[in-house]
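**Student:** Submitted below is the structure of interest, expressed as structure tokens.
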Amino acid sequence: MSYTGAMDRRIVMPLVVAVVALAIAAAYHFVGKRPEAGRSWDGDPATLMSSHKGRVLVLLLGMEGCPGTRAATEFLGDYIEEMPEGASVVRLDVPPPDGQTNAADAAKLPVVYGVDRDRLVADTLEFFYYPTLYVLDGDGEVRFSGECDPERVPQMVAEILAEKPGDKKHVYTPPLPAAGTAAPSFTGVTLAGDVAALDGMRGAKGTVLVFATTACPFSVGAMPAMQQLAEDFRGQGVAVIVVNWGEAADVIQPIYADRAPGLTVIVDEAREISGAYNIGVAPFAFVLDADGKVAARMPYTLDDATRAVNVLLGLAEQAPTIPSIGAG
């Protein structure tokens with residue numbers, strides 16, 4: 001927003017700060033009762049974070065139609081009823097880089113809502129998977145980015161609000177296995193009922209480890225591409241393994257049988273494997289080298305995974321550039 005006229009900036013700027021503070025307080029922060037539901041964020045997305053300076057901002061970047069976005073929105077709607085003074089909750093929907101997202105009906109949502117149409121906030125935060133929850137402190141620093149954990153969000157917000165000036169700032173984001181480090185080993189049961197260890201399933205020249213869940217439509221939609229990747233590199237010493245997290249074998253078996261028959265799938269119902277990798281998003285892939293070390297990591301697409309494997313095999317010169325925000 002720009003202000004023109006002859007008014008002295010010494011008068012205007014304090015007035016602007018006061019108006020913003022009052023607007024935020026009126027819109028979001030009533031202790032013990034739900035703030036106004038269905039309120040749209042009608043400001044420039046580029047000013048979203050700066051306008052929340054001095055407050056803890058719980059920011060959900062998602063997409064209408066995504067089950068994870070829907071579940072996180074429902075939780076945040078409940079959370080704001082008991083949200084402490086000094087915190088805000090906003091959901092922004094983000095169009096894919098090469099497409100559009102359908103806008104939600106703001107009047108039906110329990111949280112403040114907007115659409116980051118030009119991906120201004122998304123690019124600032126290096127957002128790359130749906131949905132991602134961010135917790136920013138009063139200085140606008142990202143203290144957490146990752147999946148929406150209903151048990152952790154209230155704890156993080158309370159601890160950040162309780163910090164004193166000069167306290168060391170705690171970063172809550174769990175790191176993914178980094179490039180060059182050994183991928184966590186695991187043993188699991190395949191959809192075929194066989195007990196298998198990662199070391200025994202790895203390819204001689206490399207491995208693509210894809211984390212997926214049939215509860216995510218993006219995972220289901222990518223299954224044929226996962227099978228295609230396996231077929232493309234089967235004769236080149238590269239194995240493709242899918243870890244399906246959070247679901248029972250009898251639930252996911254018919255889906256994989258229909259969409260990607262023959263694909264190696266590990267059932268991670270208890271999320272022990274995905275937990276070891278700090279993965280709560282899908283589909284997401286790690287490319288491992290011949291020694292089982294992480295060579296690349298990325299949201300799974302056939303094109304990106306293929307390029308990363310070609311780099312691993314020496315068939316391409318440069319891996320794709322993957323944004324990194326600690327959680328991905």
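Each chain in the structure tokens gets a letter, A, B and so on, in the order shown; residues start at 1 in every chain, and ligands are counted from 1 in the order they appear.
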I want to know what sits within 8 Å of Val265 of chain A, based on only C-alpha atoms, with residues of the same chain fewer than 3 positions away left out; could you give that as JSON, numbers by chain?

**Tutor:** {"A": [190, 191, 241, 242, 243, 244]}

**Student:** Write out the residues from the selection above, keeping N, CA, C and O atoms, as a compact mmCIF listing (two decimals), in the first residue's frame.

**Tutor:**
# COMPACT_ATOMS: atom_id res chain seq x y z
N THR A 190 6.77 -56.11 2.34
CA THR A 190 6.26 -55.68 1.05
C THR A 190 4.79 -56.04 0.93
O THR A 190 4.24 -56.81 1.72
N LEU A 191 4.16 -55.47 -0.08
CA LEU A 191 2.76 -55.82 -0.35
C LEU A 191 2.61 -57.30 -0.68
O LEU A 191 1.53 -57.88 -0.49
N ILE A 241 11.83 -48.20 -5.22
CA ILE A 241 11.12 -48.75 -4.07
C ILE A 241 10.15 -47.69 -3.57
O ILE A 241 10.53 -46.53 -3.37
N VAL A 242 8.91 -48.08 -3.36
CA VAL A 242 7.91 -47.17 -2.81
C VAL A 242 7.65 -47.54 -1.35
O VAL A 242 7.44 -48.71 -1.03
N VAL A 243 7.69 -46.53 -0.48
CA VAL A 243 7.31 -46.71 0.92
C VAL A 243 5.97 -46.03 1.10
O VAL A 243 5.88 -44.80 1.02
N ASN A 244 4.93 -46.80 1.32
CA ASN A 244 3.58 -46.23 1.50
C ASN A 244 3.31 -46.11 2.99
O ASN A 244 3.22 -47.09 3.71

**Student:** Find the residues around segment 255-257 of chain A up to 10 Å (only C-alpha atoms counted), leave out those fewer than 4 positions away in its own chain, and share them as a PDB file with all heavy atoms, in the first residue's frame.

**Tutor:**
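Dumped to selection28.pdb:
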ATOM      1  N   LEU A 191       4.157 -55.473  -0.083  1.00  0.00           N
ATOM      2  CA  LEU A 191       2.761 -55.820  -0.355  1.00  0.00           C
ATOM      3  C   LEU A 191       2.606 -57.296  -0.683  1.00  0.00           C
ATOM      4  O   LEU A 191       1.527 -57.878  -0.488  1.00  0.00           O
ATOM      5  CB  LEU A 191       2.229 -54.982  -1.520  1.00  0.00           C
ATOM      6  CG  LEU A 191       1.607 -53.628  -1.165  1.00  0.00           C
ATOM      7  CD1 LEU A 191       1.129 -52.919  -2.417  1.00  0.00           C
ATOM      8  CD2 LEU A 191       0.465 -53.787  -0.172  1.00  0.00           C
ATOM      9  N   THR A 214      -1.772 -43.518  -0.392  1.00  0.00           N
ATOM     10  CA  THR A 214      -2.936 -43.513  -1.285  1.00  0.00           C
ATOM     11  C   THR A 214      -3.993 -42.520  -0.835  1.00  0.00           C
ATOM     12  O   THR A 214      -4.934 -42.242  -1.576  1.00  0.00           O
ATOM     13  CB  THR A 214      -3.561 -44.912  -1.398  1.00  0.00           C
ATOM     14  OG1 THR A 214      -4.113 -45.306  -0.140  1.00  0.00           O
ATOM     15  CG2 THR A 214      -2.530 -45.939  -1.843  1.00  0.00           C
ATOM     16  N   VAL A 220      -1.459 -41.043  -5.825  1.00  0.00           N
ATOM     17  CA  VAL A 220      -2.179 -41.992  -6.673  1.00  0.00           C
ATOM     18  C   VAL A 220      -1.962 -41.648  -8.147  1.00  0.00           C
ATOM     19  O   VAL A 220      -1.721 -42.523  -8.984  1.00  0.00           O
ATOM     20  CB  VAL A 220      -3.679 -42.016  -6.326  1.00  0.00           C
ATOM     21  CG1 VAL A 220      -4.443 -42.913  -7.289  1.00  0.00           C
ATOM     22  CG2 VAL A 220      -3.881 -42.492  -4.881  1.00  0.00           C
ATOM     23  N   MET A 223       1.443 -42.836  -9.498  1.00  0.00           N
ATOM     24  CA  MET A 223       1.812 -44.254  -9.463  1.00  0.00           C
ATOM     25  C   MET A 223       2.238 -44.805 -10.816  1.00  0.00           C
ATOM     26  O   MET A 223       3.256 -45.509 -10.911  1.00  0.00           O
ATOM     27  CB  MET A 223       0.673 -45.075  -8.857  1.00  0.00           C
ATOM     28  CG  MET A 223       0.541 -44.926  -7.365  1.00  0.00           C
ATOM     29  SD  MET A 223      -0.859 -45.854  -6.698  1.00  0.00           S
ATOM     30  CE  MET A 223      -0.823 -45.298  -4.988  1.00  0.00           C
ATOM     31  N   PRO A 224       1.517 -44.551 -11.895  1.00  0.00           N
ATOM     32  CA  PRO A 224       1.997 -45.045 -13.193  1.00  0.00           C
ATOM     33  C   PRO A 224       3.379 -44.508 -13.545  1.00  0.00           C
ATOM     34  O   PRO A 224       4.186 -45.213 -14.167  1.00  0.00           O
ATOM     35  CB  PRO A 224       0.926 -44.552 -14.170  1.00  0.00           C
ATOM     36  CG  PRO A 224      -0.313 -44.404 -13.340  1.00  0.00           C
ATOM     37  CD  PRO A 224       0.181 -43.915 -12.006  1.00  0.00           C
ATOM     38  N   GLN A 227       5.986 -46.540 -11.725  1.00  0.00           N
ATOM     39  CA  GLN A 227       6.211 -47.803 -12.420  1.00  0.00           C
ATOM     40  C   GLN A 227       7.016 -47.571 -13.700  1.00  0.00           C
ATOM     41  O   GLN A 227       7.900 -48.373 -14.041  1.00  0.00           O
ATOM     42  CB  GLN A 227       4.887 -48.472 -12.744  1.00  0.00           C
ATOM     43  CG  GLN A 227       5.041 -49.862 -13.362  1.00  0.00           C
ATOM     44  CD  GLN A 227       3.704 -50.528 -13.593  1.00  0.00           C
ATOM     45  OE1 GLN A 227       2.751 -49.881 -14.007  1.00  0.00           O
ATOM     46  NE2 GLN A 227       3.630 -51.815 -13.307  1.00  0.00           N
ATOM     47  N   ASP A 250      -4.086 -54.064   3.322  1.00  0.00           N
ATOM     48  CA  ASP A 250      -5.318 -54.430   2.626  1.00  0.00           C
ATOM     49  C   ASP A 250      -6.028 -53.217   2.027  1.00  0.00           C
ATOM     50  O   ASP A 250      -6.828 -53.349   1.097  1.00  0.00           O
ATOM     51  CB  ASP A 250      -6.260 -55.181   3.560  1.00  0.00           C
ATOM     52  CG  ASP A 250      -6.665 -54.372   4.786  1.00  0.00           C
ATOM     53  OD1 ASP A 250      -5.996 -53.357   5.076  1.00  0.00           O
ATOM     54  OD2 ASP A 250      -7.639 -54.746   5.462  1.00  0.00           O
ATOM     55  N   VAL A 251      -5.708 -52.028   2.525  1.00  0.00           N
ATOM     56  CA  VAL A 251      -6.294 -50.804   1.982  1.00  0.00           C
ATOM     57  C   VAL A 251      -5.601 -50.398   0.684  1.00  0.00           C
ATOM     58  O   VAL A 251      -6.247 -50.009  -0.299  1.00  0.00           O
ATOM     59  CB  VAL A 251      -6.207 -49.660   3.014  1.00  0.00           C
ATOM     60  CG1 VAL A 251      -6.647 -48.336   2.383  1.00  0.00           C
ATOM     61  CG2 VAL A 251      -7.053 -49.977   4.237  1.00  0.00           C
ATOM     62  N   PRO A 261       0.982 -52.205 -11.096  1.00  0.00           N
ATOM     63  CA  PRO A 261       1.219 -53.613 -10.778  1.00  0.00           C
ATOM     64  C   PRO A 261       2.690 -53.979 -10.947  1.00  0.00           C
ATOM     65  O   PRO A 261       3.334 -53.559 -11.903  1.00  0.00           O
ATOM     66  CB  PRO A 261       0.338 -54.349 -11.799  1.00  0.00           C
ATOM     67  CG  PRO A 261       0.145 -53.377 -12.915  1.00  0.00           C
ATOM     68  CD  PRO A 261       0.116 -52.030 -12.277  1.00  0.00           C
ATOM     69  N   GLY A 262       3.202 -54.748  -9.998  1.00  0.00           N
ATOM     70  CA  GLY A 262       4.587 -55.181 -10.068  1.00  0.00           C
ATOM     71  C   GLY A 262       5.570 -54.255  -9.385  1.00  0.00           C
ATOM     72  O   GLY A 262       6.747 -54.603  -9.211  1.00  0.00           O
ATOM     73  N   LEU A 263       5.140 -53.070  -8.977  1.00  0.00           N
ATOM     74  CA  LEU A 263       6.025 -52.131  -8.299  1.00  0.00           C
ATOM     75  C   LEU A 263       6.343 -52.642  -6.893  1.00  0.00           C
ATOM     76  O   LEU A 263       5.478 -53.187  -6.208  1.00  0.00           O
ATOM     77  CB  LEU A 263       5.343 -50.767  -8.215  1.00  0.00           C
ATOM     78  CG  LEU A 263       6.204 -49.552  -7.865  1.00  0.00           C
ATOM     79  CD1 LEU A 263       7.241 -49.302  -8.954  1.00  0.00           C
ATOM     80  CD2 LEU A 263       5.317 -48.313  -7.705  1.00  0.00           C
ATOM     81  N   THR A 264       7.588 -52.480  -6.458  1.00  0.00           N
ATOM     82  CA  THR A 264       7.976 -52.881  -5.103  1.00  0.00           C
ATOM     83  C   THR A 264       7.461 -51.856  -4.107  1.00  0.00           C
ATOM     84  O   THR A 264       7.859 -50.686  -4.154  1.00  0.00           O
ATOM     85  CB  THR A 264       9.508 -53.000  -4.982  1.00  0.00           C
ATOM     86  OG1 THR A 264       9.978 -53.991  -5.898  1.00  0.00           O
ATOM     87  CG2 THR A 264       9.894 -53.409  -3.565  1.00  0.00           C
ATOM     88  N   VAL A 265       6.577 -52.288  -3.217  1.00  0.00           N
ATOM     89  CA  VAL A 265       5.955 -51.381  -2.251  1.00  0.00           C
ATOM     90  C   VAL A 265       6.165 -51.919  -0.846  1.00  0.00           C
ATOM     91  O   VAL A 265       5.821 -53.070  -0.546  1.00  0.00           O
ATOM     92  CB  VAL A 265       4.446 -51.213  -2.522  1.00  0.00           C
ATOM     93  CG1 VAL A 265       3.823 -50.260  -1.495  1.00  0.00           C
ATOM     94  CG2 VAL A 265       4.203 -50.703  -3.935  1.00  0.00           C
TER      95      VAL A 265
END

**Student:** Return as a tab-separated table the residues of segment 210-251 of chain A lying at most 9 Å from segment 281-284 of chain A, together with the closest atom-to-atom pair for each and the distance in Å to one decimal, counting only C-alpha atoms, with rows in chain order and ascending residue number.

**Tutor:**
residue	atom	partner	partner_atom	distance
A:Val210	CA	A:Phe284	CA	5.6
A:Phe211	CA	A:Phe284	CA	5.2
A:Ala212	CA	A:Pro283	CA	4.7
A:Thr213	CA	A:Ala282	CA	6.5
A:Cys216	CA	A:Ala282	CA	7.0
A:Phe218	CA	A:Pro283	CA	6.9
A:Ser219	CA	A:Pro283	CA	5.1
A:Val220	CA	A:Pro283	CA	8.8
A:Ala222	CA	A:Pro283	CA	7.7

**Student:** Set the distance at 9 Å and use only C-alpha atoms: which residues neighbour Met201 of chain A once local chain neighbours fewer than 4 positions away are removed? I'd like the list as a short mmCIF file (atom, residue, chain, number, x, y, z; two decimals) with all heavy atoms, in the first residue's frame.

**Tutor:**
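Resulting contents of around-v5.cif:
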data_model
loop_
_atom_site.label_atom_id
_atom_site.label_comp_id
_atom_site.auth_asym_id
_atom_site.auth_seq_id
_atom_site.Cartn_x
_atom_site.Cartn_y
_atom_site.Cartn_z
N ALA A 196 11.74 -57.48 3.84
CA ALA A 196 12.84 -57.00 3.01
C ALA A 196 13.54 -55.83 3.69
O ALA A 196 12.90 -55.00 4.34
CB ALA A 196 12.31 -56.56 1.64
N ALA A 197 14.85 -55.80 3.56
CA ALA A 197 15.66 -54.71 4.10
C ALA A 197 16.11 -53.81 2.96
O ALA A 197 16.29 -54.26 1.82
CB ALA A 197 16.87 -55.25 4.84
N THR A 207 19.37 -46.20 -6.31
CA THR A 207 18.03 -46.53 -5.83
C THR A 207 17.19 -45.26 -5.78
O THR A 207 17.69 -44.21 -5.37
CB THR A 207 18.08 -47.15 -4.42
OG1 THR A 207 18.99 -48.26 -4.42
CG2 THR A 207 16.70 -47.60 -3.96
N ALA A 239 17.19 -49.48 -8.76
CA ALA A 239 15.96 -50.02 -8.19
C ALA A 239 15.03 -48.88 -7.79
O ALA A 239 15.48 -47.81 -7.37
CB ALA A 239 16.27 -50.88 -6.96
N VAL A 240 13.73 -49.11 -7.92
CA VAL A 240 12.71 -48.15 -7.48
C VAL A 240 11.88 -48.82 -6.41
O VAL A 240 11.31 -49.89 -6.62
CB VAL A 240 11.82 -47.70 -8.65
CG1 VAL A 240 10.70 -46.78 -8.13
CG2 VAL A 240 12.64 -46.98 -9.71
N ILE A 241 11.83 -48.20 -5.22
CA ILE A 241 11.12 -48.75 -4.07
C ILE A 241 10.15 -47.69 -3.57
O ILE A 241 10.53 -46.53 -3.37
CB ILE A 241 12.09 -49.11 -2.93
CG1 ILE A 241 13.16 -50.09 -3.43
CG2 ILE A 241 11.33 -49.69 -1.74
CD1 ILE A 241 14.33 -50.21 -2.48
#

**Student:** Interatomic distance between atom CA of Val238 of chain A and atom CA of Gly203 of chain A?

**Tutor:**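 Atom-to-atom, atom CA of Val238 of chain A to atom CA of Gly203 of chain A, that is 4.6 Å.
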
**Student:** Please list as a ChimeraX atom specification every residue within 12 Å of Gly314 of chain A, counting only C-alpha atoms and excluding residues in the same chain fewer than 3 positions away.

**Tutor:** /A:205-206,236,289,307-311,317-319

**Student:** What is the atom CA of Pro165 of chain A to atom CA of Leu48 of chain A distance in Å?

**Tutor:**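 Between atom CA of Pro165 of chain A and atom CA of Leu48 of chain A the gap works out to 23.7 Å.
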
**Student:** Segment 47-267 of chain A: which residues are alpha helix (DSSP H) by DSSP, as a PyMOL selection string?

**Tutor:** chain A and resi 48-51+67-79+120-124+152-162+198-201+217-233+249-259

**Student:** Find the residues around Val90 of chain A up to 6 Å (only C-alpha atoms counted), leave out those fewer than 6 positions away in its own chain, and share them as a PyMOL selection string.

**Tutor:** chain A and resi 59+112-113

**Student:** Write a file of the selected residues as a PDB file, in the first residue's frame, keeping N, CA, C and O atoms.

**Tutor:**
ATOM      1  N   LEU A  59       1.135 -20.235   9.424  1.00  0.00           N
ATOM      2  CA  LEU A  59       0.783 -20.023   8.021  1.00  0.00           C
ATOM      3  C   LEU A  59       0.718 -21.363   7.294  1.00  0.00           C
ATOM      4  O   LEU A  59       1.706 -22.094   7.239  1.00  0.00           O
ATOM      5  N   VAL A 112      -8.640 -17.399   8.406  1.00  0.00           N
ATOM      6  CA  VAL A 112      -8.408 -16.342   7.429  1.00  0.00           C
ATOM      7  C   VAL A 112      -7.795 -16.977   6.186  1.00  0.00           C
ATOM      8  O   VAL A 112      -6.886 -17.800   6.265  1.00  0.00           O
ATOM      9  N   TYR A 113      -8.284 -16.581   5.013  1.00  0.00           N
ATOM     10  CA  TYR A 113      -7.936 -17.282   3.777  1.00  0.00           C
ATOM     11  C   TYR A 113      -7.582 -16.312   2.665  1.00  0.00           C
ATOM     12  O   TYR A 113      -8.132 -15.219   2.563  1.00  0.00           O
TER      13      TYR A 113
END

**Student:** Would you mind listing what lies within 12 Å of Ala46 of chain A as a list in words, with only C-alpha atoms counted and same-chain residues fewer than 3 positions away left out?

**Tutor:**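 Result of the neighbour search: Met1, Trp41, Asp42, Gly43, Met49, Ser50, Ser51, His52, Leu92, Val115, Asp116, Arg117, Asp118, Arg119, Leu120, Val121, Ala122, Asp123, Thr124 and Leu125 of chain A.
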
**Student:** Using DSSP secondary structure from the backbone, list all strand (DSSP E or B) positions within segment 65-299 of chain A, as a count of residues only.

**Tutor:** 61
